$ cat query_23.cif   # mmCIF, C-alpha atoms and all ligand atoms
data_work
#
loop_
_atom_site.label_atom_id
_atom_site.label_comp_id
_atom_site.auth_asym_id
_atom_site.auth_seq_id
_atom_site.Cartn_x
_atom_site.Cartn_y
_atom_site.Cartn_z
CA MET A 235 28.42 105.31 -131.31
CA ALA A 236 30.95 106.23 -133.95
CA THR A 237 33.67 108.67 -132.97
CA GLY A 238 35.95 110.92 -134.99
CA LYS A 239 36.00 114.21 -136.80
CA TYR A 240 33.49 113.05 -139.40
CA ALA A 241 31.33 110.68 -137.32
CA HIS A 242 28.44 113.16 -137.39
CA LEU A 243 28.14 112.59 -141.15
CA LEU A 244 26.94 109.01 -140.60
CA LYS A 245 23.18 109.06 -140.06
CA PRO A 246 21.45 105.82 -139.02
CA LEU A 247 18.15 105.59 -140.96
CA LYS A 248 16.50 104.73 -137.66
CA MET A 249 16.88 108.36 -136.58
CA ALA A 250 13.89 109.15 -138.78
CA GLU A 251 11.66 106.72 -136.90
CA ARG A 252 8.98 108.59 -135.00
CA PRO A 253 8.24 106.40 -131.97
CA GLY A 254 4.68 106.61 -130.75
CA GLN A 255 3.67 108.61 -133.78
CA GLU A 256 1.88 107.35 -136.79
CA GLN A 257 3.66 107.01 -140.07
CA ILE A 258 2.82 110.16 -142.02
CA PHE A 259 0.80 108.13 -144.49
CA LYS A 260 -0.68 104.81 -143.52
CA ASN A 261 -2.95 103.47 -146.20
CA THR A 262 -3.17 100.02 -147.68
CA GLY A 263 -1.07 100.76 -150.79
CA ASN A 264 1.52 102.74 -148.89
CA ALA A 265 4.62 101.52 -147.09
CA ASP A 266 4.47 98.68 -144.58
CA VAL A 267 7.43 100.42 -143.03
CA ASN A 268 9.71 103.22 -144.15
CA ARG A 269 12.31 105.73 -143.06
CA TRP A 270 12.15 109.28 -144.40
CA LEU A 271 15.13 111.54 -143.79
CA ASN A 272 15.27 115.23 -144.63
CA GLY A 273 18.02 117.81 -144.98
CA ARG A 274 16.54 120.03 -142.28
CA ASP A 275 16.45 117.50 -139.44
CA HIS A 276 18.80 114.69 -140.45
CA LEU A 277 21.14 115.51 -143.33
CA GLU A 278 23.23 118.56 -142.36
CA GLY A 279 21.00 120.95 -144.30
CA VAL A 280 21.56 119.27 -147.66
CA GLU A 281 18.79 120.29 -150.11
CA LEU A 282 17.36 116.80 -150.17
CA ASN A 283 14.78 114.60 -148.53
CA PHE A 284 14.58 110.92 -149.29
CA SER A 285 12.70 107.85 -148.14
CA TRP A 286 13.33 104.11 -148.15
CA GLY A 287 10.64 101.52 -147.50
CA PHE A 288 9.09 98.11 -148.08
CA TYR A 289 5.69 97.62 -149.73
CA THR A 290 3.31 94.68 -150.03
CA GLY A 291 -0.19 96.22 -149.94
CA LEU A 292 -2.69 97.03 -152.66
CA GLY A 293 -4.59 100.26 -153.17
CA ASP A 294 -4.27 104.04 -153.18
CA TRP A 295 -1.30 105.46 -151.29
CA HIS A 296 -3.07 108.64 -150.10
CA PRO A 297 -6.82 108.21 -150.74
CA GLY A 298 -8.66 111.41 -151.62
CA MET A 299 -5.63 113.67 -151.25
CA ASP A 300 -4.18 113.70 -154.73
CA PRO A 301 -3.01 115.03 -157.07
CA HIS A 302 -0.34 116.95 -155.17
CA VAL A 303 2.59 119.24 -155.94
CA HIS A 304 5.89 120.27 -154.35
CA PRO A 305 7.93 123.46 -154.68
CA TYR A 306 10.92 121.29 -155.72
CA PRO A 307 11.39 118.46 -158.23
CA GLU A 308 11.36 114.85 -157.10
CA CYS A 309 11.99 111.32 -158.32
CA LEU A 310 9.70 108.47 -157.26
CA VAL A 311 11.58 105.25 -157.74
CA PHE A 312 9.98 101.77 -157.77
CA VAL A 313 12.42 98.85 -157.54
CA GLY A 314 12.38 95.10 -157.01
CA LEU A 315 14.23 93.25 -154.27
CA ASP A 316 15.74 90.39 -156.27
CA PRO A 317 19.42 91.28 -156.82
CA HIS A 318 19.69 88.87 -159.73
CA ARG A 319 16.63 90.17 -161.58
CA PRO A 320 17.14 93.94 -161.71
CA GLU A 321 14.34 94.35 -164.25
CA TYR A 322 11.74 92.59 -162.10
CA LEU A 323 9.59 94.85 -159.95
CA GLY A 324 7.10 92.32 -158.58
CA ALA A 325 4.22 94.78 -158.61
CA LYS A 326 1.91 96.66 -160.95
CA ILE A 327 1.53 100.38 -160.29
CA GLN A 328 -0.95 102.90 -161.64
CA TYR A 329 0.20 106.51 -161.65
CA CYS A 330 -1.66 109.70 -162.54
CA LEU A 331 0.38 112.52 -164.12
CA GLY A 332 -0.17 116.18 -164.96
CA LYS A 333 -3.16 118.50 -165.14
CA GLU A 334 -4.49 116.09 -167.77
CA LEU A 335 -4.87 113.52 -164.94
CA GLU A 336 -3.26 111.10 -167.33
CA ILE A 337 -3.31 107.49 -166.17
CA HIS A 338 -0.27 105.27 -166.73
CA THR A 339 0.59 101.79 -165.52
CA PHE A 340 3.91 99.97 -165.28
CA ASP A 341 5.20 96.71 -163.90
CA ARG A 342 8.97 97.15 -164.35
CA PRO A 343 11.38 99.04 -162.09
CA SER A 344 10.83 102.68 -163.03
CA VAL A 345 11.40 106.24 -161.94
CA VAL A 346 8.61 108.79 -162.11
CA VAL A 347 10.01 112.31 -162.48
CA ALA A 348 7.85 115.11 -161.05
CA PRO A 349 9.25 118.60 -161.77
CA ALA A 350 8.47 121.41 -159.28
CA GLY A 351 4.77 122.27 -159.45
CA PHE A 352 3.91 119.26 -161.62
CA TRP A 353 0.69 117.49 -160.58
CA HIS A 354 1.30 113.86 -159.65
CA CYS A 355 -0.57 110.98 -158.01
CA PRO A 356 -2.86 109.24 -157.15
CA SER A 357 -0.41 106.36 -156.93
CA VAL A 358 -2.28 103.08 -156.76
CA THR A 359 -0.78 99.63 -156.31
CA LEU A 360 -2.86 97.36 -158.55
CA ASP A 361 -1.03 94.10 -157.92
CA VAL A 362 1.92 92.67 -156.00
CA THR A 363 3.33 89.49 -157.53
CA SER A 364 6.61 89.15 -155.63
CA PRO A 365 6.12 87.15 -152.41
CA ILE A 366 8.34 89.63 -150.55
CA GLY A 367 6.87 92.75 -152.13
CA TYR A 368 8.96 95.54 -153.58
CA SER A 369 10.74 98.71 -152.49
CA PHE A 370 10.23 102.35 -153.23
CA PHE A 371 12.21 105.49 -152.54
CA ILE A 372 11.65 109.20 -152.99
CA ILE A 373 14.46 111.55 -153.90
CA SER A 374 13.19 115.13 -153.43
CA LEU A 375 15.35 118.21 -153.92
CA GLY A 376 14.22 120.13 -150.83
CA ALA A 377 15.59 120.11 -147.27
CA ASP A 378 12.07 120.78 -145.92
CA PRO A 379 9.46 118.24 -147.12
CA THR A 380 6.60 120.38 -148.41
CA THR A 381 3.40 119.32 -150.18
CA ARG A 382 0.26 121.01 -151.44
CA TRP A 383 -2.63 118.58 -151.64
CA LEU A 384 -5.17 119.18 -154.39
CA GLY A 385 -7.56 116.23 -154.08
CA ASP A 386 -11.23 116.81 -153.23
CA GLY A 387 -11.60 113.61 -151.23
CA ILE A 388 -9.77 114.79 -148.16
CA THR A 389 -12.04 115.44 -145.21
CA ASP A 390 -12.00 118.48 -142.92
CA GLU A 391 -11.12 116.10 -140.09
CA GLN A 392 -8.04 114.88 -141.98
CA ILE A 393 -6.98 118.45 -142.70
CA ALA A 394 -7.37 119.36 -139.02
CA ARG A 395 -5.33 116.31 -137.98
CA MET A 396 -2.54 117.08 -140.45
CA GLN A 397 -2.44 120.71 -139.35
CA ALA A 398 -2.33 119.65 -135.68
CA GLN A 399 0.61 117.41 -136.49
CA SER A 400 2.33 120.50 -137.86
CA THR A 401 2.39 122.21 -134.47
CA GLU A 402 2.76 119.22 -132.11
CA GLY A 403 5.38 119.64 -129.40
CA GLY A 404 6.91 122.66 -131.10
CA LEU A 405 8.65 120.31 -133.53
CA LYS A 406 8.61 121.02 -137.20
CA PRO A 407 6.40 118.48 -138.95
CA PRO A 408 7.92 115.71 -141.05
CA MET A 409 5.82 117.07 -143.93
CA ILE A 410 4.64 120.67 -144.25
CA SER A 411 1.18 120.33 -145.80
CA SER A 412 -1.10 122.90 -147.38
CA PHE A 413 -4.35 122.37 -149.24
CA GLY A 414 -5.43 123.77 -152.60
CA LYS A 415 -8.31 126.23 -152.60
CA LYS A 416 -9.69 124.68 -155.76
CA ARG A 417 -9.82 120.90 -155.41
CA VAL A 418 -9.50 118.30 -158.11
CA HIS A 419 -11.78 115.33 -158.46
CA VAL A 420 -10.18 112.15 -159.79
CA SER A 421 -12.59 109.60 -161.22
CA GLU A 422 -13.23 107.52 -164.32
CA GLU A 423 -14.94 110.59 -165.81
CA THR A 424 -12.12 113.07 -165.16
CA VAL A 425 -8.97 111.07 -165.93
CA SER A 426 -7.42 110.83 -169.40
CA HIS A 427 -5.55 108.05 -171.16
CA GLY A 428 -3.17 109.82 -173.53
CA ASP A 429 0.60 109.93 -173.55
CA VAL A 430 1.33 113.65 -173.25
CA ASN A 431 3.13 112.92 -169.96
CA ALA A 432 4.48 109.45 -170.75
CA ARG A 433 8.06 110.76 -170.77
CA PHE A 434 7.91 111.42 -167.04
CA ILE A 435 8.04 107.66 -166.39
CA LYS A 436 11.43 106.13 -167.21
CA PRO A 437 12.30 102.43 -167.00
CA LEU A 438 15.39 101.52 -164.99
CA ALA A 439 17.84 99.25 -166.78
CA PRO A 440 21.32 98.25 -165.52
CA ASN A 441 23.82 100.54 -167.19
CA SER A 442 26.48 101.46 -164.66
CA LEU A 443 30.27 101.19 -164.59
CA GLY A 444 30.11 97.58 -163.45
CA THR A 445 28.29 96.44 -166.56
CA ARG A 446 29.83 97.72 -169.71
CA THR A 447 32.33 99.70 -171.64
CA LEU A 448 31.12 103.27 -171.54
CA ALA A 449 30.42 105.21 -174.71
CA ASP A 450 31.90 108.71 -175.00
CA GLY A 451 28.62 110.42 -174.15
CA ASP A 452 28.34 108.33 -171.00
CA ARG A 453 31.94 108.63 -169.92
CA GLU A 454 31.75 112.38 -169.35
CA GLN A 455 28.85 111.90 -166.93
CA TYR A 456 31.13 110.21 -164.40
CA GLY A 457 34.16 112.52 -164.29
CA GLU A 458 37.39 110.77 -163.31
CA MET A 459 35.48 107.77 -161.99
CA ALA A 460 35.34 106.59 -165.62
CA ALA A 461 39.07 107.14 -166.26
CA PRO A 462 40.63 104.10 -167.97
CA GLU A 463 42.92 103.32 -165.01
CA ARG A 464 39.92 102.94 -162.70
CA ARG A 465 37.67 99.93 -162.81
CA PRO A 466 34.99 98.38 -160.65
CA GLY A 467 36.11 95.96 -157.95
CA PRO A 468 34.27 92.81 -156.84
CA GLY A 469 32.22 94.77 -154.29
CA MET A 470 30.33 96.65 -156.99
CA THR A 471 27.23 95.04 -158.45
CA LYS A 472 26.88 94.70 -162.21
CA ASN A 473 23.17 95.37 -161.87
CA ALA A 474 23.32 99.00 -160.81
CA VAL A 475 21.37 101.70 -162.61
CA TRP A 476 22.77 105.21 -162.90
CA MET A 477 20.46 108.03 -163.96
CA PHE A 478 21.81 111.51 -164.73
CA GLY A 479 20.17 114.91 -165.12
CA ARG A 480 19.87 114.30 -168.87
CA ASP A 481 17.79 111.18 -168.09
CA LEU A 482 15.69 112.99 -165.46
CA GLU A 483 14.17 115.91 -167.36
CA GLY A 484 17.17 118.10 -166.57
CA MET A 485 17.01 117.73 -162.78
CA LYS A 486 20.11 118.73 -160.87
CA LEU A 487 20.43 115.17 -159.66
CA ASN A 488 22.17 111.98 -160.54
CA PHE A 489 21.47 108.79 -158.65
CA CYS A 490 22.80 105.26 -158.64
CA TRP A 491 20.73 102.37 -157.36
CA GLY A 492 21.78 98.75 -156.97
CA ILE A 493 21.64 95.72 -154.71
CA GLN A 494 25.15 94.63 -153.75
CA THR A 495 25.78 90.90 -153.52
CA ASP A 496 29.53 90.44 -153.09
CA PRO A 497 32.25 91.52 -150.66
CA GLY A 498 35.34 93.45 -151.68
CA ALA A 499 36.54 96.83 -152.87
CA TRP A 500 34.04 98.85 -154.88
CA MET A 501 36.59 100.52 -157.15
CA ARG A 502 40.15 99.70 -158.06
CA GLY A 503 42.73 102.14 -159.34
CA PRO A 504 45.92 104.01 -158.55
CA GLY A 505 46.45 105.82 -155.26
CA HIS A 506 44.34 105.71 -152.13
CA GLY A 507 40.99 106.18 -153.84
CA ALA A 508 39.55 109.30 -152.14
CA HIS A 509 37.56 111.66 -154.37
CA VAL A 510 35.52 114.85 -154.19
CA HIS A 511 32.51 116.35 -155.98
CA PRO A 512 31.57 120.02 -156.43
CA THR A 513 28.06 119.18 -155.15
CA ASP A 514 26.63 117.52 -152.05
CA GLU A 515 26.18 113.76 -152.12
CA VAL A 516 24.38 111.33 -149.82
CA LEU A 517 25.12 107.59 -149.85
CA MET A 518 22.50 105.26 -148.41
CA PHE A 519 23.25 101.72 -147.31
CA ALA A 520 20.13 99.74 -146.31
CA GLY A 521 19.07 96.14 -145.78
CA THR A 522 16.79 94.13 -148.06
CA ASP A 523 14.88 92.16 -145.44
CA PRO A 524 11.30 93.49 -145.48
CA ALA A 525 10.77 91.94 -142.04
CA ASP A 526 13.44 94.14 -140.45
CA ILE A 527 14.13 97.57 -141.90
CA ASP A 528 16.71 98.24 -139.17
CA SER A 529 18.98 95.36 -140.15
CA LEU A 530 21.75 95.79 -142.73
CA GLY A 531 23.21 92.27 -142.81
CA ALA A 532 26.60 93.53 -143.93
CA GLU A 533 29.66 95.43 -142.79
CA ILE A 534 30.97 98.18 -145.01
CA GLN A 535 33.89 100.51 -144.47
CA ILE A 536 34.16 104.01 -145.86
CA ASP A 537 36.94 106.56 -145.48
CA LEU A 538 35.96 110.18 -144.86
CA GLY A 539 38.13 113.26 -145.16
CA PRO A 540 41.62 113.74 -146.59
CA GLU A 541 42.90 111.97 -143.44
CA HIS A 542 41.11 108.77 -144.52
CA GLU A 543 39.26 108.56 -141.23
CA ARG A 544 37.79 105.07 -141.46
CA HIS A 545 34.19 104.36 -140.47
CA VAL A 546 32.36 101.06 -140.30
CA ILE A 547 28.71 100.82 -141.29
CA ASP A 548 26.84 97.92 -139.71
CA ARG A 549 23.26 99.24 -139.70
CA PRO A 550 21.16 101.03 -142.32
CA THR A 551 22.86 104.40 -142.67
CA ALA A 552 23.03 107.50 -144.83
CA VAL A 553 26.47 109.05 -145.22
CA VAL A 554 26.46 112.77 -145.96
CA CYS A 555 29.38 113.87 -148.16
CA PRO A 556 29.23 117.68 -148.38
CA ALA A 557 30.61 119.28 -151.55
CA GLY A 558 34.40 119.21 -151.51
CA LEU A 559 34.78 116.64 -148.70
CA ALA A 560 37.06 113.79 -149.75
CA HIS A 561 35.49 110.34 -149.38
CA GLY A 562 36.34 106.79 -150.31
CA PRO A 563 37.37 104.16 -150.87
CA ILE A 564 34.40 101.97 -149.95
CA VAL A 565 34.90 98.29 -149.17
CA THR A 566 32.27 95.69 -148.30
CA ARG A 567 33.99 93.63 -145.60
CA TRP A 568 31.35 90.90 -145.46
CA LEU A 569 27.67 90.40 -146.04
CA ASP A 570 25.11 87.89 -144.84
CA ARG A 571 22.53 89.03 -147.35
CA PRO A 572 22.42 91.40 -150.30
CA PHE A 573 22.07 95.02 -149.29
CA ALA A 574 20.68 98.09 -151.03
CA PHE A 575 22.86 100.99 -152.10
CA LEU A 576 21.54 104.35 -153.21
CA LEU A 577 23.79 107.24 -154.21
CA MET A 578 22.15 110.66 -154.51
CA SER A 579 24.38 113.40 -155.90
CA LEU A 580 23.02 116.92 -156.35
CA GLY A 581 24.33 117.73 -159.81
CA ALA A 582 23.18 116.74 -163.28
CA ASN A 583 26.49 114.92 -163.84
CA HIS A 584 28.55 112.90 -161.40
CA GLU A 585 31.54 115.24 -161.53
CA THR A 586 34.31 113.41 -159.72
CA THR A 587 37.92 114.33 -159.02
CA TYR A 588 40.32 111.94 -157.29
CA VAL A 589 42.47 113.61 -154.66
CA ASP A 590 44.91 110.86 -153.69
FE FE B 601 5.16 113.84 -154.48
FE FE B 602 31.34 110.19 -154.21
#

$ encode --input "query_23.cif" --output "structure tokens"
Amino acid sequence: MATGKYAHLLKPLKMAERPGQEQIFKNTGNADVNRWLNGRDHLEGVELNFSWGFYTGLGDWHPGMDPHVHPYPECLVFVGLDPHRPEYLGAKIQYCLGKELEIHTFDRPSVVVAPAGFWHCPSVTLDVTSPIGYSFFIISLGADPTTRWLGDGITDEQIARMQAQSTEGGLKPPMISSFGKKRVHVSEETVSHGDVNARFIKPLAPNSLGTRTLADGDREQYGEMAAPERRPGPGMTKNAVWMFGRDLEGMKLNFCWGIQTDPGAWMRGPGHGAHVHPTDEVLMFAGTDPADIDSLGAEIQIDLGPEHERHVIDRPTAVVCPAGLAHGPIVTRWLDRPFAFLLMSLGANHETTYVD
């Protein structure tokens, strides 16, 4: 158990495991295993819920239940697990978007952007070509996971079971579900094949600080992190993808995804390397072994607070960095296998100010 003034900001992903309870969704196409943390129960009230999981199965993720909507926007991010092939997903996904029930397919790492109230899903895994499957994460801008299901294939029994789950043991449910009065039927006859909603699916291509010289328009997205005297260290992968609000239909979110392969400092520059943001940020460190979601396979240190209180991460963990709290530097001390890193920052730009 970590100790210190800021130890409570380190959240093992395992805290979202619900022993003895079924995964919220357990269908063939859905996660073999996942962890889903939310602001309300796990993340200090941050207006965010996010998931991380491993996938190998084919089929519909929530049969009969979709499309669905949320009161907040979300990103649905499909990524591969080969750190050296960042543009390989290893799966083929079919996704239905908008009131047009527009069908799209993709087989590259991609983010689907669903604004608040925007109909999305069914999500169907058509094929899995990677022998270890692929990964998927949700980034949703609400502390309380909330969904309204609009599909007409959901049975009364399922509705009763989901509502029972909502009241079990006096605990708040992991997902607050409601059901549309008017239900939507998804079939060959009702779907469309246009591209009115094509822009809501964006390919992920490596573009982050580790890769390239930033153009002026990109530089301002990063704040002082892109200052000329700062540069990536050996701990930062060159294959990371950074998406900003401008890339995500104006969402108040920027996220960075990458699989880290090397030890060392993540950033180099003058001073001690602590910085702040005007918005909340959550940093997730997770393993890439689909056989063991609770293993990280690396040891990473992060400093929290202006005192540089040093913490060591040796299991899959989310670190909550509330707005204004100094954090960094980050150093990968060692790794036995590549690990996944996901930064979720609740502003359209990654406004960064170094404090020491
Ligand atoms: Fe959704
Ligand atoms: Fe940060």

$ atom_distance --input "query_23.cif" --atom1 "atom CA of A:Ser412" --atom2 "atom CA of A:Cys355"
16.0 Å

$ atom_distance --input "query_23.cif" --atom1 "atom CA of A:Trp286" --atom2 "atom CA of A:Gly351"
23.0 Å

$ atom_distance --input "query_23.cif" --atom1 "atom CA of A:Ala348" --atom2 "atom CA of A:Pro307"
5.6 Å

$ residues_around --input "query_23.cif" --residues "A:Asp570" --least-positions-apart "6" --cutoff "12 Å" --atoms "all atoms listed in the file" --output "PyMOL selection string"
chain A and resi 494-497+521-523+529-534+548

$ residues_near_ligand --input "query_23.cif" --ligand "ligand FE 602 (chain B)" --cutoff "7 Å" --atoms "only C-alpha atoms and all ligand atoms" --output "list in words"
His509, Val510, His511, Glu515 and His561 of chain A

$ residues_near_ligand --input "query_23.cif" --ligand "ligand FE 601 (chain B)" --cutoff "8 Å" --atoms "all atoms listed in the file" --output "JSON list (two decimals) with C-alpha atoms, in the coordinates of the input"
[["chain", "number", "residue", "atom", "x", "y", "z"],
["A", 302, "HIS", "CA", -0.34, 116.95, -155.17],
["A", 303, "VAL", "CA", 2.59, 119.24, -155.94],
["A", 304, "HIS", "CA", 5.89, 120.27, -154.35],
["A", 308, "GLU", "CA", 11.36, 114.85, -157.10],
["A", 310, "LEU", "CA", 9.70, 108.47, -157.26],
["A", 348, "ALA", "CA", 7.85, 115.11, -161.05],
["A", 354, "HIS", "CA", 1.30, 113.86, -159.65],
["A", 355, "CYS", "CA", -0.57, 110.98, -158.01],
["A", 381, "THR", "CA", 3.40, 119.32, -150.18]]

$ residues_around --input "query_23.cif" --residues "A:Phe478" --least-positions-apart "2" --cutoff "7 Å" --atoms "all atoms listed in the file" --output "count of residues only"
9

$ closest_residue --input "query_23.cif" --among "A:His542, A:Lys416, A:His506, A:Arg274" --to "A:Leu375" --atoms "all atoms listed in the file"
A:Arg274

$ closest_residue --input "query_23.cif" --among "A:Val420, A:Ala236, A:Val475, A:Ala460" --to "A:Met299" --atoms "only C-alpha atoms"
A:Val420

$ closest_residue --input "query_23.cif" --among "A:Asp514, A:Leu405, A:Asp526, A:Ala574" --to "A:Trp491" --atoms "only C-alpha atoms"
A:Ala574

$ residues_around --input "query_23.cif" --residues "A:Lys248" --least-positions-apart "6" --cutoff "12 Å" --atoms "all atoms listed in the file" --output "NGL selection string"
:A and (267-271 or 276 or 285-287 or 520 or 526-530 or 549-552)

$ closest_residue --input "query_23.cif" --among "A:Asp341, A:Asp300, A:Glu321, A:Glu454" --to "A:Gly492" --atoms "only C-alpha atoms"
A:Glu321

$ residues_near_point --input "query_23.cif" --point "(9.1, 93.5, -156.6)" --cutoff "10 Å" --atoms "all atoms listed in the file" --output "MDAnalysis selection string"
chainID A and resid 288:290 312:316 319:326 341:343 362:370

$ decode --input "query_23.cif" --residues "stretch 324-349 of chain A" --atoms "N, CA and C atoms" --output "PDB file, in the first residue's frame"
ATOM      1  N   GLY A 324      -5.421  -5.652 -36.055  1.00  0.00           N
ATOM      2  CA  GLY A 324      -5.584  -7.098 -35.849  1.00  0.00           C
ATOM      3  C   GLY A 324      -7.030  -7.512 -35.725  1.00  0.00           C
ATOM      4  N   ALA A 325      -7.932  -6.677 -36.188  1.00  0.00           N
ATOM      5  CA  ALA A 325      -9.362  -7.001 -36.124  1.00  0.00           C
ATOM      6  C   ALA A 325     -10.100  -6.171 -37.170  1.00  0.00           C
ATOM      7  N   LYS A 326     -11.302  -6.632 -37.508  1.00  0.00           N
ATOM      8  CA  LYS A 326     -12.174  -5.859 -38.393  1.00  0.00           C
ATOM      9  C   LYS A 326     -13.478  -5.591 -37.644  1.00  0.00           C
ATOM     10  N   ILE A 327     -13.821  -4.310 -37.547  1.00  0.00           N
ATOM     11  CA  ILE A 327     -14.949  -3.880 -36.722  1.00  0.00           C
ATOM     12  C   ILE A 327     -16.020  -3.248 -37.609  1.00  0.00           C
ATOM     13  N   GLN A 328     -17.267  -3.560 -37.316  1.00  0.00           N
ATOM     14  CA  GLN A 328     -18.384  -2.879 -37.974  1.00  0.00           C
ATOM     15  C   GLN A 328     -19.080  -2.006 -36.938  1.00  0.00           C
ATOM     16  N   TYR A 329     -19.329  -0.748 -37.323  1.00  0.00           N
ATOM     17  CA  TYR A 329     -19.897   0.195 -36.364  1.00  0.00           C
ATOM     18  C   TYR A 329     -21.060   0.930 -37.005  1.00  0.00           C
ATOM     19  N   CYS A 330     -22.132   1.106 -36.255  1.00  0.00           N
ATOM     20  CA  CYS A 330     -23.339   1.762 -36.758  1.00  0.00           C
ATOM     21  C   CYS A 330     -23.445   3.148 -36.114  1.00  0.00           C
ATOM     22  N   LEU A 331     -23.639   4.191 -36.941  1.00  0.00           N
ATOM     23  CA  LEU A 331     -23.566   5.566 -36.449  1.00  0.00           C
ATOM     24  C   LEU A 331     -24.776   6.396 -36.857  1.00  0.00           C
ATOM     25  N   GLY A 332     -25.326   7.128 -35.885  1.00  0.00           N
ATOM     26  CA  GLY A 332     -26.334   8.147 -36.165  1.00  0.00           C
ATOM     27  C   GLY A 332     -27.734   7.591 -36.358  1.00  0.00           C
ATOM     28  N   LYS A 333     -28.685   8.538 -36.441  1.00  0.00           N
ATOM     29  CA  LYS A 333     -30.088   8.151 -36.656  1.00  0.00           C
ATOM     30  C   LYS A 333     -30.266   7.491 -38.017  1.00  0.00           C
ATOM     31  N   GLU A 334     -29.296   7.724 -38.901  1.00  0.00           N
ATOM     32  CA  GLU A 334     -29.323   7.086 -40.225  1.00  0.00           C
ATOM     33  C   GLU A 334     -28.985   5.608 -40.134  1.00  0.00           C
ATOM     34  N   LEU A 335     -28.583   5.135 -38.956  1.00  0.00           N
ATOM     35  CA  LEU A 335     -28.104   3.753 -38.769  1.00  0.00           C
ATOM     36  C   LEU A 335     -27.088   3.403 -39.857  1.00  0.00           C
ATOM     37  N   GLU A 336     -26.104   4.291 -39.952  1.00  0.00           N
ATOM     38  CA  GLU A 336     -25.142   4.182 -41.041  1.00  0.00           C
ATOM     39  C   GLU A 336     -24.036   3.189 -40.667  1.00  0.00           C
ATOM     40  N   ILE A 337     -23.841   2.213 -41.532  1.00  0.00           N
ATOM     41  CA  ILE A 337     -22.880   1.145 -41.254  1.00  0.00           C
ATOM     42  C   ILE A 337     -21.494   1.511 -41.790  1.00  0.00           C
ATOM     43  N   HIS A 338     -20.495   1.383 -40.932  1.00  0.00           N
ATOM     44  CA  HIS A 338     -19.101   1.597 -41.350  1.00  0.00           C
ATOM     45  C   HIS A 338     -18.259   0.412 -40.884  1.00  0.00           C
ATOM     46  N   THR A 339     -17.180   0.145 -41.609  1.00  0.00           N
ATOM     47  CA  THR A 339     -16.244  -0.877 -41.141  1.00  0.00           C
ATOM     48  C   THR A 339     -14.837  -0.296 -41.174  1.00  0.00           C
ATOM     49  N   PHE A 340     -13.983  -0.806 -40.291  1.00  0.00           N
ATOM     50  CA  PHE A 340     -12.573  -0.391 -40.312  1.00  0.00           C
ATOM     51  C   PHE A 340     -11.719  -1.518 -39.760  1.00  0.00           C
ATOM     52  N   ASP A 341     -10.454  -1.520 -40.200  1.00  0.00           N
ATOM     53  CA  ASP A 341      -9.547  -2.564 -39.713  1.00  0.00           C
ATOM     54  C   ASP A 341      -8.185  -1.975 -39.335  1.00  0.00           C
ATOM     55  N   ARG A 342      -8.179  -0.664 -39.060  1.00  0.00           N
ATOM     56  CA  ARG A 342      -6.984   0.029 -38.566  1.00  0.00           C
ATOM     57  C   ARG A 342      -7.322   0.609 -37.199  1.00  0.00           C
ATOM     58  N   PRO A 343      -6.295   0.855 -36.363  1.00  0.00           N
ATOM     59  CA  PRO A 343      -6.573   1.519 -35.092  1.00  0.00           C
ATOM     60  C   PRO A 343      -7.342   2.823 -35.349  1.00  0.00           C
ATOM     61  N   SER A 344      -8.416   3.016 -34.625  1.00  0.00           N
ATOM     62  CA  SER A 344      -9.321   4.134 -34.904  1.00  0.00           C
ATOM     63  C   SER A 344     -10.010   4.572 -33.630  1.00  0.00           C
ATOM     64  N   VAL A 345     -10.452   5.841 -33.642  1.00  0.00           N
ATOM     65  CA  VAL A 345     -11.319   6.317 -32.570  1.00  0.00           C
ATOM     66  C   VAL A 345     -12.671   6.671 -33.182  1.00  0.00           C
ATOM     67  N   VAL A 346     -13.719   6.188 -32.548  1.00  0.00           N
ATOM     68  CA  VAL A 346     -15.080   6.589 -32.900  1.00  0.00           C
ATOM     69  C   VAL A 346     -15.489   7.659 -31.902  1.00  0.00           C
ATOM     70  N   VAL A 347     -15.896   8.819 -32.408  1.00  0.00           N
ATOM     71  CA  VAL A 347     -16.329   9.916 -31.539  1.00  0.00           C
ATOM     72  C   VAL A 347     -17.854   9.936 -31.509  1.00  0.00           C
ATOM     73  N   ALA A 348     -18.417   9.859 -30.318  1.00  0.00           N
ATOM     74  CA  ALA A 348     -19.884   9.913 -30.167  1.00  0.00           C
ATOM     75  C   ALA A 348     -20.233  11.130 -29.304  1.00  0.00           C
ATOM     76  N   PRO A 349     -20.677  12.231 -29.917  1.00  0.00           N
ATOM     77  CA  PRO A 349     -21.091  13.394 -29.116  1.00  0.00           C
ATOM     78  C   PRO A 349     -22.270  13.026 -28.203  1.00  0.00           C
TER      79      PRO A 349
END
